[in-house]
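Enquirer: What follows is entry_11.cif, made up of mmCIF, C-alpha atoms and all ligand atoms:
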```
data_entry
loop_
_atom_site.label_atom_id
_atom_site.label_comp_id
_atom_site.auth_asym_id
_atom_site.auth_seq_id
_atom_site.Cartn_x
_atom_site.Cartn_y
_atom_site.Cartn_z
CA MET O 16 -0.12 -12.08 -6.43
CA THR O 17 1.94 -12.12 -3.28
CA LEU O 18 2.00 -8.84 -1.41
CA HIS O 19 5.04 -9.04 0.84
CA CYS O 20 4.69 -5.55 2.21
CA PRO O 21 4.99 -5.62 5.95
CA PRO O 22 3.84 -2.13 6.82
CA GLU O 23 5.91 -2.34 10.03
CA ARG O 24 9.05 -1.62 8.00
CA ILE O 25 7.34 1.32 6.36
CA GLU O 26 5.86 2.56 9.62
CA ALA O 27 9.22 2.27 11.39
CA GLN O 28 10.85 4.47 8.76
CA ILE O 29 8.11 7.07 9.06
CA ALA O 30 8.38 7.02 12.86
CA GLN O 31 12.11 7.60 12.51
CA TRP O 32 11.57 10.62 10.22
CA ARG O 33 9.10 12.02 12.72
CA THR O 34 11.80 12.10 15.39
CA GLU O 35 14.14 13.90 13.01
CA SER O 36 11.98 16.75 11.69
CA PRO O 37 8.60 18.39 12.29
CA GLU O 38 8.07 18.84 8.51
CA PRO O 39 4.99 16.99 7.24
CA ILE O 40 5.97 13.75 5.62
CA CYS O 41 5.85 13.22 1.89
CA ALA O 42 7.79 10.22 0.64
CA TYR O 43 8.14 7.15 -1.47
CA LEU O 44 9.24 4.10 0.45
CA TYR O 45 10.41 0.98 -1.35
CA ASP O 46 10.58 -2.33 0.46
CA LEU O 47 13.46 -3.99 -1.35
CA GLN O 48 13.11 -7.14 0.68
CA ALA O 49 9.53 -7.53 -0.52
CA LEU O 50 10.70 -6.85 -4.07
CA GLN O 51 13.42 -9.44 -3.83
CA GLN O 52 11.04 -12.09 -2.47
CA HIS O 53 8.50 -11.32 -5.16
CA VAL O 54 10.81 -11.40 -8.18
CA ARG O 55 12.47 -14.53 -6.84
CA TRP O 56 9.04 -16.15 -6.50
CA MET O 57 8.21 -15.17 -10.08
CA ARG O 58 11.48 -16.54 -11.37
CA GLU O 59 11.29 -19.81 -9.49
CA ALA O 60 7.77 -20.50 -10.75
CA LEU O 61 8.76 -20.09 -14.43
CA PRO O 62 9.38 -23.38 -16.22
CA ASP O 63 12.61 -24.20 -18.03
CA GLY O 64 12.66 -22.80 -21.53
CA CYS O 65 11.51 -19.36 -20.33
CA GLU O 66 13.44 -16.17 -19.76
CA LEU O 67 12.43 -13.27 -17.54
CA TYR O 68 13.36 -9.68 -18.31
CA TYR O 69 12.31 -6.64 -16.27
CA ALA O 70 10.69 -3.75 -18.18
CA ALA O 71 12.48 -0.84 -16.53
CA LYS O 72 9.80 1.64 -17.61
CA ALA O 73 7.76 0.46 -14.63
CA ASN O 74 10.39 1.69 -12.18
CA PRO O 75 14.00 2.32 -13.19
CA GLU O 76 15.34 3.38 -9.75
CA ALA O 77 18.88 2.02 -9.32
CA PRO O 78 18.16 0.06 -6.09
CA VAL O 79 15.13 -1.53 -7.77
CA LEU O 80 17.28 -2.65 -10.71
CA GLN O 81 19.97 -3.96 -8.35
CA THR O 82 17.42 -5.92 -6.36
CA VAL O 83 15.82 -7.65 -9.32
CA ALA O 84 19.10 -8.19 -11.21
CA PRO O 85 20.02 -11.60 -9.68
CA TRP O 86 16.62 -13.02 -10.65
CA VAL O 87 16.23 -11.79 -14.22
CA ASP O 88 17.95 -12.56 -17.50
CA GLY O 89 18.14 -8.88 -18.36
CA PHE O 90 16.28 -5.61 -18.71
CA GLU O 91 14.02 -4.03 -21.32
CA ALA O 92 14.47 -0.37 -22.31
CA ALA O 93 11.79 1.58 -24.14
CA SER O 94 13.79 4.71 -24.96
CA GLY O 95 17.34 5.83 -25.64
CA GLY O 96 17.38 7.38 -22.16
CA GLU O 97 16.43 4.09 -20.52
CA LEU O 98 18.96 2.25 -22.65
CA ARG O 99 21.79 4.54 -21.56
CA TRP O 100 20.67 4.33 -17.94
CA LEU O 101 20.41 0.54 -17.98
CA HIS O 102 23.77 0.21 -19.68
CA GLN O 103 25.29 2.40 -16.99
CA GLN O 104 23.51 0.65 -14.11
CA GLN O 105 23.50 -2.96 -15.31
CA ALA O 106 26.40 -3.19 -17.73
CA ASP O 107 26.73 -6.97 -17.38
CA HIS O 108 23.11 -7.79 -18.09
CA PRO O 109 21.58 -8.35 -21.53
CA LEU O 110 19.40 -5.45 -22.63
CA LEU O 111 16.42 -5.28 -24.96
CA PHE O 112 15.63 -2.03 -26.74
CA GLY O 113 12.08 -1.58 -28.02
CA GLY O 114 9.54 1.15 -28.56
CA PRO O 115 8.46 3.32 -31.48
CA GLY O 116 10.28 6.41 -32.78
CA LYS O 117 13.87 5.39 -32.15
CA LEU O 118 16.39 8.00 -33.36
CA ASP O 119 19.27 6.99 -35.63
CA SER O 120 21.64 7.92 -32.80
CA GLU O 121 19.76 5.59 -30.46
CA LEU O 122 19.78 2.76 -33.00
CA ALA O 123 23.53 3.28 -33.42
CA LEU O 124 24.06 3.21 -29.66
CA ALA O 125 22.03 0.00 -29.30
CA ALA O 126 23.85 -1.58 -32.26
CA SER O 127 27.18 -0.81 -30.60
CA LEU O 128 26.32 -2.37 -27.22
CA PRO O 129 27.46 -5.99 -27.20
CA CYS O 130 24.61 -7.26 -24.99
CA CYS O 131 21.75 -5.39 -26.65
CA THR O 132 18.98 -6.87 -28.79
CA LEU O 133 16.70 -4.50 -30.69
CA HIS O 134 12.96 -4.85 -31.14
CA VAL O 135 12.21 -3.39 -34.55
CA GLU O 136 8.85 -1.66 -34.77
CA SER O 137 8.43 -0.87 -38.48
CA LEU O 138 9.81 -1.44 -41.96
CA GLY O 139 11.23 2.08 -41.96
CA GLU O 140 13.06 1.44 -38.71
CA LEU O 141 14.37 -1.86 -40.08
CA ALA O 142 15.81 -0.12 -43.16
CA ARG O 143 17.45 2.60 -41.04
CA LEU O 144 18.91 0.03 -38.66
CA ALA O 145 20.18 -2.07 -41.58
CA SER O 146 22.33 0.77 -42.92
CA ILE O 147 23.55 1.65 -39.41
CA ALA O 148 24.43 -2.02 -38.75
CA GLU O 149 26.37 -2.30 -42.03
CA ARG O 150 28.70 0.44 -40.78
CA GLY O 151 29.21 -1.28 -37.40
CA GLY O 152 31.50 -4.13 -36.57
CA ARG O 153 29.14 -6.85 -35.28
CA PRO O 154 26.00 -8.63 -36.40
CA VAL O 155 23.15 -6.87 -34.65
CA PRO O 156 20.60 -9.20 -33.01
CA ILE O 157 17.02 -8.16 -33.62
CA PHE O 158 13.46 -9.27 -33.02
CA LEU O 159 10.63 -8.11 -35.27
CA ARG O 160 7.76 -6.75 -33.19
CA MET O 161 4.53 -7.96 -34.76
CA ASN O 162 1.03 -6.61 -34.37
CA ILE O 163 -1.31 -9.52 -34.96
CA ALA O 164 -4.95 -10.08 -34.15
CA VAL O 165 -5.65 -13.20 -32.11
CA PRO O 166 -9.37 -13.95 -32.27
CA GLY O 167 -11.09 -15.04 -29.08
CA VAL O 168 -8.55 -13.82 -26.52
CA GLY O 169 -10.45 -10.71 -25.43
CA ASP O 170 -9.40 -7.13 -24.85
CA THR O 171 -8.00 -5.28 -21.87
CA ARG O 172 -8.11 -1.57 -21.01
CA LEU O 173 -4.75 -1.00 -22.69
CA MET O 174 -4.37 -2.57 -26.12
CA MET O 175 -1.09 -2.21 -28.03
CA GLY O 176 -1.99 -4.60 -30.84
CA GLY O 177 -4.70 -6.54 -32.57
CA LYS O 178 -5.92 -3.21 -33.98
CA PRO O 179 -4.35 -0.12 -35.58
CA THR O 180 -1.57 1.15 -33.28
CA PRO O 181 1.91 2.67 -33.73
CA PHE O 182 3.45 -0.55 -32.36
CA GLY O 183 4.98 -3.38 -34.37
CA MET O 184 4.46 -4.53 -37.95
CA ASP O 185 1.52 -6.09 -39.70
CA GLU O 186 1.88 -9.64 -40.95
CA GLN O 187 1.61 -8.23 -44.50
CA ASP O 188 4.92 -6.38 -43.87
CA LEU O 189 6.77 -9.60 -43.17
CA PRO O 190 7.80 -10.54 -46.75
CA GLN O 191 9.41 -7.12 -47.17
CA ALA O 192 11.06 -7.33 -43.75
CA VAL O 193 12.52 -10.72 -44.64
CA ALA O 194 13.78 -9.32 -47.96
CA ILE O 195 15.55 -6.47 -46.12
CA LEU O 196 17.08 -9.00 -43.71
CA ARG O 197 18.35 -11.15 -46.60
CA GLU O 198 20.04 -8.13 -48.14
CA HIS O 199 21.65 -7.14 -44.85
CA PRO O 200 23.55 -9.92 -43.11
CA ALA O 201 24.63 -7.33 -40.54
CA LEU O 202 21.18 -7.87 -39.00
CA ARG O 203 20.57 -11.22 -37.28
CA LEU O 204 16.92 -12.10 -36.78
CA GLU O 205 16.64 -13.98 -33.47
CA GLY O 206 12.90 -14.04 -32.95
CA PHE O 207 9.54 -12.32 -32.92
CA HIS O 208 8.19 -9.99 -30.27
CA PHE O 209 4.55 -9.59 -29.26
CA HIS O 210 3.02 -7.32 -26.64
CA LEU O 211 -0.61 -6.97 -27.57
CA MET O 212 -1.98 -5.71 -24.27
CA SER O 213 -1.26 -4.60 -20.72
CA HIS O 214 -3.50 -5.05 -17.64
CA GLN O 215 -4.08 -8.71 -18.49
CA LYS O 216 -5.64 -10.32 -15.42
CA ASP O 217 -6.76 -13.56 -17.03
CA ALA O 218 -4.06 -16.24 -16.89
CA LEU O 219 -5.93 -18.57 -19.23
CA MET O 220 -6.35 -15.85 -21.86
CA GLN O 221 -2.67 -15.07 -21.58
CA LEU O 222 -1.84 -18.75 -22.09
CA ALA O 223 -4.02 -18.73 -25.21
CA LEU O 224 -2.12 -15.68 -26.45
CA VAL O 225 1.26 -17.30 -25.83
CA ARG O 226 0.09 -20.40 -27.67
CA ALA O 227 -0.95 -18.25 -30.61
CA TYR O 228 2.41 -16.43 -30.60
CA LEU O 229 4.32 -19.71 -30.68
CA ASP O 230 2.14 -21.15 -33.42
CA ILE O 231 2.43 -18.13 -35.68
CA ALA O 232 6.18 -17.90 -35.08
CA GLN O 233 6.50 -21.58 -36.09
CA ARG O 234 4.45 -20.88 -39.20
CA TRP O 235 6.61 -17.89 -40.19
CA LYS O 236 9.79 -19.80 -39.38
CA ALA O 237 8.81 -22.57 -41.78
CA ALA O 238 7.32 -20.29 -44.46
CA TYR O 239 10.38 -18.02 -44.69
CA GLY O 240 13.07 -20.53 -43.67
CA LEU O 241 14.03 -18.44 -40.64
CA ASP O 242 16.62 -19.51 -38.10
CA ILE O 243 14.95 -18.04 -35.00
CA GLY O 244 15.21 -19.32 -31.45
CA THR O 245 12.95 -17.18 -29.25
CA VAL O 246 9.49 -15.69 -28.98
CA ASN O 247 9.21 -12.64 -26.74
CA ALA O 248 5.65 -12.69 -25.38
CA GLY O 249 5.92 -9.24 -23.77
CA GLY O 250 4.70 -8.20 -20.35
CA GLY O 251 1.36 -6.80 -19.31
CA PHE O 252 0.47 -9.09 -16.40
CA GLY O 253 -2.27 -7.17 -14.67
CA VAL O 254 -2.61 -5.88 -11.14
CA ASP O 255 -5.97 -5.35 -9.45
CA TYR O 256 -5.40 -2.31 -7.28
CA ALA O 257 -8.66 -2.58 -5.39
CA GLU O 258 -8.42 -6.33 -4.82
CA PRO O 259 -4.79 -7.51 -5.16
CA SER O 260 -5.76 -11.16 -4.85
CA ALA O 261 -7.70 -10.78 -8.13
CA SER O 262 -4.48 -9.81 -9.95
CA PHE O 263 -2.92 -11.98 -12.63
CA ASP O 264 -2.45 -15.52 -11.34
CA TRP O 265 1.25 -16.05 -12.03
CA LEU O 266 1.39 -19.55 -10.56
CA ARG O 267 -1.53 -20.74 -12.63
CA PHE O 268 0.04 -19.20 -15.71
CA CYS O 269 3.41 -20.84 -15.05
CA THR O 270 1.75 -24.20 -14.48
CA GLY O 271 -0.15 -23.89 -17.79
CA LEU O 272 3.03 -22.76 -19.56
CA ARG O 273 4.61 -26.18 -19.11
CA GLU O 274 1.95 -27.76 -21.30
CA VAL O 275 2.03 -24.89 -23.80
CA LEU O 276 5.78 -25.28 -24.15
CA ARG O 277 5.50 -29.06 -24.50
CA GLN O 278 2.93 -28.82 -27.27
CA HIS O 279 3.82 -25.62 -29.12
CA ALA O 280 7.45 -24.59 -28.50
CA HIS O 281 9.21 -27.17 -30.72
CA GLY O 282 12.61 -25.79 -29.80
CA LEU O 283 11.60 -22.13 -29.41
CA LYS O 284 12.33 -20.40 -26.11
CA LEU O 285 9.85 -18.03 -24.52
CA ARG O 286 10.83 -14.66 -23.13
CA PHE O 287 8.73 -12.38 -20.91
CA GLU O 288 9.33 -8.73 -20.07
CA PRO O 289 6.91 -7.66 -17.33
CA GLY O 290 7.22 -4.36 -15.48
CA ARG O 291 4.21 -3.55 -13.30
CA TYR O 292 3.74 -7.05 -11.93
CA VAL O 293 7.38 -7.14 -10.76
CA SER O 294 7.74 -3.87 -8.90
CA VAL O 295 4.27 -2.53 -8.07
CA ALA O 296 3.93 -4.13 -4.66
CA CYS O 297 7.25 -2.97 -3.23
CA GLY O 298 6.40 0.75 -3.31
CA TRP O 299 4.42 2.95 -0.92
CA TYR O 300 3.63 6.64 -1.24
CA ALA O 301 3.17 8.46 2.05
CA MET O 302 1.47 11.85 2.52
CA GLU O 303 0.90 13.60 5.83
CA VAL O 304 -2.46 15.30 6.32
CA ILE O 305 -2.04 19.09 6.53
CA ASP O 306 -5.66 20.19 6.57
CA ILE O 307 -9.12 18.72 6.97
CA LYS O 308 -12.00 20.78 5.72
CA ARG O 309 -15.62 20.61 4.79
CA SER O 310 -16.77 21.93 1.43
CA HIS O 311 -20.43 22.05 0.44
CA GLY O 312 -21.15 19.21 2.83
CA GLU O 313 -18.21 16.95 1.91
CA TYR O 314 -14.97 16.33 3.78
CA PHE O 315 -11.57 16.79 2.16
CA ALA O 316 -8.21 15.80 3.61
CA VAL O 317 -5.45 17.89 2.07
CA ALA O 318 -2.13 16.10 2.38
CA ARG O 319 1.46 16.98 1.54
CA GLY O 320 2.29 15.93 -2.02
CA GLY O 321 -0.25 14.87 -4.62
CA THR O 322 -0.69 13.55 -8.12
CA HIS O 323 2.41 15.44 -9.33
CA HIS O 324 4.30 12.77 -7.35
CA PHE O 325 1.81 9.95 -7.66
CA ARG O 326 -0.09 10.10 -10.92
CA THR O 327 -1.18 6.47 -10.71
CA PRO O 328 -4.73 7.16 -9.40
CA PRO O 329 -5.71 9.57 -12.24
CA ALA O 330 -3.75 7.50 -14.78
CA GLN O 331 -5.72 4.42 -13.79
CA GLY O 332 -8.92 6.41 -13.23
CA HIS O 333 -9.40 4.79 -9.84
CA ASP O 334 -9.60 5.53 -6.12
CA HIS O 335 -6.26 4.31 -4.88
CA PRO O 336 -6.38 2.02 -1.85
CA PHE O 337 -4.78 3.46 1.28
CA ARG O 338 -4.21 2.93 4.99
CA ILE O 339 -4.12 5.58 7.66
CA LEU O 340 -1.16 5.75 9.98
CA ARG O 341 -2.55 7.68 12.92
CA GLY O 342 -0.42 10.43 14.51
CA GLN O 343 -0.60 11.97 17.96
CA ARG O 344 -3.77 14.04 17.69
CA ALA O 345 -7.30 13.14 18.61
CA ALA O 346 -9.51 12.44 15.60
CA ALA O 347 -10.89 15.54 13.89
CA ILE O 348 -13.50 13.46 12.09
CA GLU O 349 -14.84 9.99 12.77
CA ASN O 350 -16.79 7.58 10.59
CA GLU O 351 -17.08 9.96 7.70
CA ARG O 352 -16.43 9.81 3.97
CA VAL O 353 -13.40 11.86 2.95
CA THR O 354 -11.84 12.78 -0.38
CA LEU O 355 -8.03 12.58 -0.28
CA VAL O 356 -6.33 15.35 -2.22
CA GLY O 357 -2.86 16.83 -2.63
CA GLN O 358 -1.46 20.36 -2.75
CA LEU O 359 -2.10 21.17 -6.40
CA CYS O 360 -4.41 24.01 -7.44
CA THR O 361 -6.50 21.77 -9.64
CA PRO O 362 -9.60 19.78 -8.76
CA LYS O 363 -7.98 16.86 -10.58
CA ASP O 364 -5.46 16.38 -7.78
CA VAL O 365 -7.47 13.56 -6.19
CA LEU O 366 -6.02 10.29 -4.97
CA ALA O 367 -9.21 8.71 -3.66
CA ARG O 368 -12.76 10.06 -3.61
CA ALA O 369 -15.34 9.90 -0.80
CA GLN O 370 -13.62 7.12 1.10
CA PRO O 371 -14.98 5.86 4.43
CA VAL O 372 -12.56 6.53 7.31
CA GLU O 373 -12.95 5.61 10.96
CA ALA O 374 -10.80 8.42 12.33
CA LEU O 375 -8.62 11.11 10.81
CA ALA O 376 -6.61 14.04 12.16
CA ILE O 377 -4.08 16.54 10.92
CA GLY O 378 -0.66 14.89 11.25
CA ASP O 379 -1.92 11.44 10.28
CA CYS O 380 -0.13 9.77 7.39
CA LEU O 381 -1.95 8.43 4.35
CA LEU O 382 -0.11 5.37 3.09
CA PHE O 383 -0.80 4.31 -0.49
CA PRO O 384 0.36 0.76 -1.34
CA LEU O 385 1.03 -0.61 -4.83
CA ALA O 386 3.05 2.49 -5.69
CA GLY O 387 6.17 0.75 -6.94
CA ALA O 388 5.36 0.83 -10.68
CA TYR O 389 4.27 3.61 -13.05
CA ALA O 390 4.03 5.98 -10.08
CA TRP O 391 6.79 8.54 -9.38
CA ASN O 392 8.29 8.12 -12.87
CA ILE O 393 5.04 8.78 -14.74
CA SER O 394 4.16 11.88 -12.69
CA HIS O 395 4.32 15.53 -13.76
CA GLN O 396 6.91 16.22 -11.12
CA ASN O 397 7.74 19.84 -11.93
CA PHE O 398 4.22 21.22 -11.88
CA LEU O 399 3.97 24.04 -9.27
CA MET O 400 7.61 23.54 -8.24
CA HIS O 401 6.76 21.61 -5.12
CA PRO O 402 9.79 19.77 -3.75
CA ALA O 403 10.28 16.12 -4.62
CA PRO O 404 9.21 13.52 -2.07
CA ARG O 405 11.80 11.84 0.13
CA MET O 406 12.94 8.48 -1.19
CA ALA O 407 13.65 5.56 1.10
CA PHE O 408 14.90 2.22 -0.12
CA LEU O 409 14.52 -0.24 2.72
CA GLU O 410 17.38 -2.62 2.19
CA ALA O 411 17.20 -6.38 2.08
CA ARG O 412 20.83 -6.89 3.08
CA THR O 413 20.68 -10.29 4.66
CA ALA O 414 18.41 -11.73 2.02
CA LEU O 415 20.34 -10.16 -0.86
CA HIS O 416 23.66 -11.39 0.44
CA ALA O 417 22.19 -14.84 0.83
CA ALA O 418 20.87 -14.70 -2.75
CA ASN O 419 24.20 -13.57 -4.16
CA ALA O 420 26.04 -16.28 -2.26
CA ALA O 421 23.70 -19.00 -3.56
C1 LIG B 1 6.63 -3.67 -25.34
C2 LIG B 1 6.30 -3.67 -23.90
N1 LIG B 1 6.87 -4.60 -23.11
C3 LIG B 1 6.62 -4.62 -21.78
C4 LIG B 1 5.79 -3.70 -21.19
C5 LIG B 1 5.59 -3.77 -19.71
O1 LIG B 1 4.24 -3.87 -19.43
P1 LIG B 1 3.76 -4.13 -17.93
O2 LIG B 1 4.44 -3.14 -17.08
O3 LIG B 1 2.30 -3.96 -17.99
O4 LIG B 1 4.18 -5.54 -17.60
C6 LIG B 1 5.18 -2.71 -21.97
C7 LIG B 1 4.30 -1.71 -21.39
O5 LIG B 1 3.83 -0.79 -21.96
C8 LIG B 1 5.44 -2.70 -23.37
O6 LIG B 1 4.88 -1.79 -24.16
#
```
So, in terms of structure tokens, how does the structure I just supplied come out?
Ligand SMILES: Cc1ncc(COP(=O)(O)O)c(C=O)c1O
Expert:
Amino acid sequence: MTLHCPPERIEAQIAQWRTESPEPICAYLYDLQALQQHVRWMREALPDGCELYYAAKANPEAPVLQTVAPWVDGFEAASGGELRWLHQQQADHPLLFGGPGKLDSELALAASLPCCTLHVESLGELARLASIAERGGRPVPIFLRMNIAVPGVGDTRLMMGGKPTPFGMDEQDLPQAVAILREHPALRLEGFHFHLMSHQKDALMQLALVRAYLDIAQRWKAAYGLDIGTVNAGGGFGVDYAEPSASFDWLRFCTGLREVLRQHAHGLKLRFEPGRYVSVACGWYAMEVIDIKRSHGEYFAVARGGTHHFRTPPAQGHDHPFRILRGQRAAAIENERVTLVGQLCTPKDVLARAQPVEALAIGDCLLFPLAGAYAWNISHQNFLMHPAPRMAFLEARTALHAANAA
């Protein structure tokens, strides 16, 4: 993956804050120019016959949505809250609404939004939506989310299908789903949706999955006489936090997609809805070191903030990569291993364990890259009532204006 994250922009912002206040720094910084370059690169690599949506669950901040908007076909919402937010923020863009446990009120809202397509997760949800749609004034476009097993394509750390999960319907449910659809012309079936796994780092496996999705959709289309036009192949393109160059190979995938489309699409369009892979690289979390101590022979750097702002390291169960932005003071420790922790009164508040550092002092800033997805928004922000981090969105004015003018 491309990592357009020039730390100079991040460092310049931190230097600016340092002139404004002596308070230790604790912030998220988003490089919108890097984000714009990255999503544009993703878009331009995709072959014709493919659509790109952004899964806002990865990072729904308004400037992030605005930056990706010119390069995507729309946005995916996974809750009523996200749907309302996306409708407010991106009213002109098509929206997808998926996820289990939708309330009737949320189904009714989605059914009333002209640009919204629903991903139906179960027979029960389909029946509830059918009666809501009958009362509304427009045919409601839907996709059926299917949970199928595709032999030979391997597992990842985060499986949403191919085994018992709350997501999507079994193939055995399809005859009943089709019967409900036939009884309710207020629902318009536009395609099938599949998202079997996240953290997929193998482009060839993902191509095999997409092939399988297209083939099974063709089979169902013929078997049930369905007039569908699109297969949504989900998101889940994986990021290797320790070694970003080992992340999902988007270019290889897009190259392979051309052949897959040629041989298996037969008129079906493909739609993707990635989150992490789009926004992860634009975000940085910065924590200033407040204390350096030794405990039972091991060094700890206690920095302002913690996993209540940046839950990604414990959520991923990894030591998050970091860089040190040295401050004014002489090093307190040199060539030592240090565990980086936050301000929470729990031993779980660890961002990286026993990491080698050349030099570290109080006042230095720890900069954590790859903090633009599933970071601030998945964190337990209210725990201990620490203040929120500062938020900086480093604009991409020139580039954005150029993009809008094009
Ligand atoms: C249905 C669906 N679509 C898209 C995504 C986005 O996944 P990722 O951020 O890994 O691309 C998810 C993640 O959970 C999902 O469940």
Enquirer: Contacts of region 31-47 of chain O at 8 Å or less, counting all atoms listed in the file, minus same-chain residues fewer than 5 places along, as a PDB file with C-alpha atoms, in the frame of the given file?
Expert:
```
ATOM      1  CA  CYS O  20       4.690  -5.550   2.210  1.00  0.00           C
ATOM      2  CA  ARG O  24       9.050  -1.620   8.000  1.00  0.00           C
ATOM      3  CA  ILE O  25       7.340   1.320   6.360  1.00  0.00           C
ATOM      4  CA  PRO O  78      18.160   0.060  -6.090  1.00  0.00           C
ATOM      5  CA  VAL O  79      15.130  -1.530  -7.770  1.00  0.00           C
ATOM      6  CA  THR O  82      17.420  -5.920  -6.360  1.00  0.00           C
ATOM      7  CA  CYS O 297       7.250  -2.970  -3.230  1.00  0.00           C
ATOM      8  CA  GLY O 298       6.400   0.750  -3.310  1.00  0.00           C
ATOM      9  CA  TRP O 299       4.420   2.950  -0.920  1.00  0.00           C
ATOM     10  CA  TYR O 300       3.630   6.640  -1.240  1.00  0.00           C
ATOM     11  CA  ALA O 301       3.170   8.460   2.050  1.00  0.00           C
ATOM     12  CA  MET O 302       1.470  11.850   2.520  1.00  0.00           C
ATOM     13  CA  GLU O 303       0.900  13.600   5.830  1.00  0.00           C
ATOM     14  CA  VAL O 304      -2.460  15.300   6.320  1.00  0.00           C
ATOM     15  CA  ILE O 305      -2.040  19.090   6.530  1.00  0.00           C
ATOM     16  CA  ARG O 319       1.460  16.980   1.540  1.00  0.00           C
ATOM     17  CA  GLY O 320       2.290  15.930  -2.020  1.00  0.00           C
ATOM     18  CA  GLY O 378      -0.660  14.890  11.250  1.00  0.00           C
ATOM     19  CA  CYS O 380      -0.130   9.770   7.390  1.00  0.00           C
ATOM     20  CA  GLY O 387       6.170   0.750  -6.940  1.00  0.00           C
ATOM     21  CA  PRO O 404       9.210  13.520  -2.070  1.00  0.00           C
ATOM     22  CA  ARG O 405      11.800  11.840   0.130  1.00  0.00           C
ATOM     23  CA  MET O 406      12.940   8.480  -1.190  1.00  0.00           C
ATOM     24  CA  ALA O 407      13.650   5.560   1.100  1.00  0.00           C
ATOM     25  CA  PHE O 408      14.900   2.220  -0.120  1.00  0.00           C
ATOM     26  CA  LEU O 409      14.520  -0.240   2.720  1.00  0.00           C
ATOM     27  CA  GLU O 410      17.380  -2.620   2.190  1.00  0.00           C
ATOM     28  CA  ALA O 411      17.200  -6.380   2.080  1.00  0.00           C
TER      29      ALA O 411
END
```
Enquirer: Do you have, as CSV, the list of residues of chain O lying at most 9 Å from ligand LIG 1 (chain B), each with its nearest atom pair and that distance in Å to one decimal, counting all atoms listed in the file and ordered by chain then number?
Expert:
```
residue,atom,partner,partner_atom,distance
O:Tyr69,CA,B:LIG1,C5,8.1
O:Ala70,CA,B:LIG1,C5,5.3
O:Ala71,CA,B:LIG1,C5,8.1
O:Lys72,CA,B:LIG1,C5,7.2
O:Ala73,CA,B:LIG1,O2,5.5
O:Glu91,CA,B:LIG1,N1,7.4
O:Ala92,CA,B:LIG1,N1,8.7
O:Ala93,CA,B:LIG1,C1,7.5
O:Gly113,CA,B:LIG1,C1,6.4
O:Gly114,CA,B:LIG1,C1,6.5
O:His134,CA,B:LIG1,C1,8.7
O:Arg160,CA,B:LIG1,C1,8.5
O:Leu173,CA,B:LIG1,O5,8.6
O:Met175,CA,B:LIG1,O6,7.1
O:Phe182,CA,B:LIG1,C1,8.3
O:His208,CA,B:LIG1,C1,8.2
O:Phe209,CA,B:LIG1,C1,7.4
O:His210,CA,B:LIG1,C1,5.3
O:Leu211,CA,B:LIG1,C1,8.3
O:Met212,CA,B:LIG1,O3,7.8
O:Ser213,CA,B:LIG1,O3,4.5
O:His214,CA,B:LIG1,O3,5.9
O:Gln215,CA,B:LIG1,O3,8.0
O:Ala248,CA,B:LIG1,N1,8.5
O:Gly249,CA,B:LIG1,N1,4.8
O:Gly250,CA,B:LIG1,O4,3.9
O:Gly251,CA,B:LIG1,O3,3.3
O:Phe252,CA,B:LIG1,O4,5.3
O:Gly253,CA,B:LIG1,O3,6.5
O:Val254,CA,B:LIG1,O3,8.6
O:Phe287,CA,B:LIG1,C3,8.1
O:Glu288,CA,B:LIG1,C3,5.2
O:Pro289,CA,B:LIG1,O4,3.5
O:Gly290,CA,B:LIG1,O2,3.4
O:Arg291,CA,B:LIG1,O2,3.8
O:Tyr292,CA,B:LIG1,O4,5.9
O:Val293,CA,B:LIG1,O4,7.7
O:Ser294,CA,B:LIG1,O2,8.9
O:Ala388,CA,B:LIG1,O2,7.6
O:Tyr389,CA,B:LIG1,O2,7.9
```
Enquirer: To one decimal place in Å, what is the distance between CA of Leu382 (chain O) and CA of Leu366 (chain O)?
Expert: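 Computed distance, CA of Leu382 (chain O) to CA of Leu366 (chain O), equals 11.1 Å.
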Enquirer: So which one's closest to Val246 (chain O), O:Phe325, O:Phe263, O:Phe207, O:Tyr314? Using all atoms listed in the file, please.
Expert: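 Residue with the minimum atom-to-atom distance to Val246 (chain O): O:Phe207.
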Enquirer: For a test of reading the model, state the distance in Å between CA of Asp242 (chain O) and CA of Val275 (chain O), rounded to one decimal.
Expert: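 Going from CA of Asp242 (chain O) over to CA of Val275 (chain O), I get 21.1 Å.
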Enquirer: For Phe112 (chain O), please output as a compact mmCIF listing (two decimals) with C-alpha atoms, in the frame of the given file all residues within 10 Å (counting all atoms listed in the file; exclusion window: fewer than 5 positions along the same chain).
Expert:
```txt
# COMPACT_ATOMS: atom_id res chain seq x y z
CA PHE O 90 16.28 -5.61 -18.71
CA GLU O 91 14.02 -4.03 -21.32
CA ALA O 92 14.47 -0.37 -22.31
CA ALA O 93 11.79 1.58 -24.14
CA SER O 94 13.79 4.71 -24.96
CA GLY O 95 17.34 5.83 -25.64
CA GLU O 97 16.43 4.09 -20.52
CA LEU O 98 18.96 2.25 -22.65
CA LYS O 117 13.87 5.39 -32.15
CA GLU O 121 19.76 5.59 -30.46
CA LEU O 122 19.78 2.76 -33.00
CA ALA O 125 22.03 0.00 -29.30
CA ALA O 126 23.85 -1.58 -32.26
CA CYS O 131 21.75 -5.39 -26.65
CA THR O 132 18.98 -6.87 -28.79
CA LEU O 133 16.70 -4.50 -30.69
CA HIS O 134 12.96 -4.85 -31.14
CA VAL O 135 12.21 -3.39 -34.55
CA ILE O 157 17.02 -8.16 -33.62
CA PHE O 158 13.46 -9.27 -33.02
```
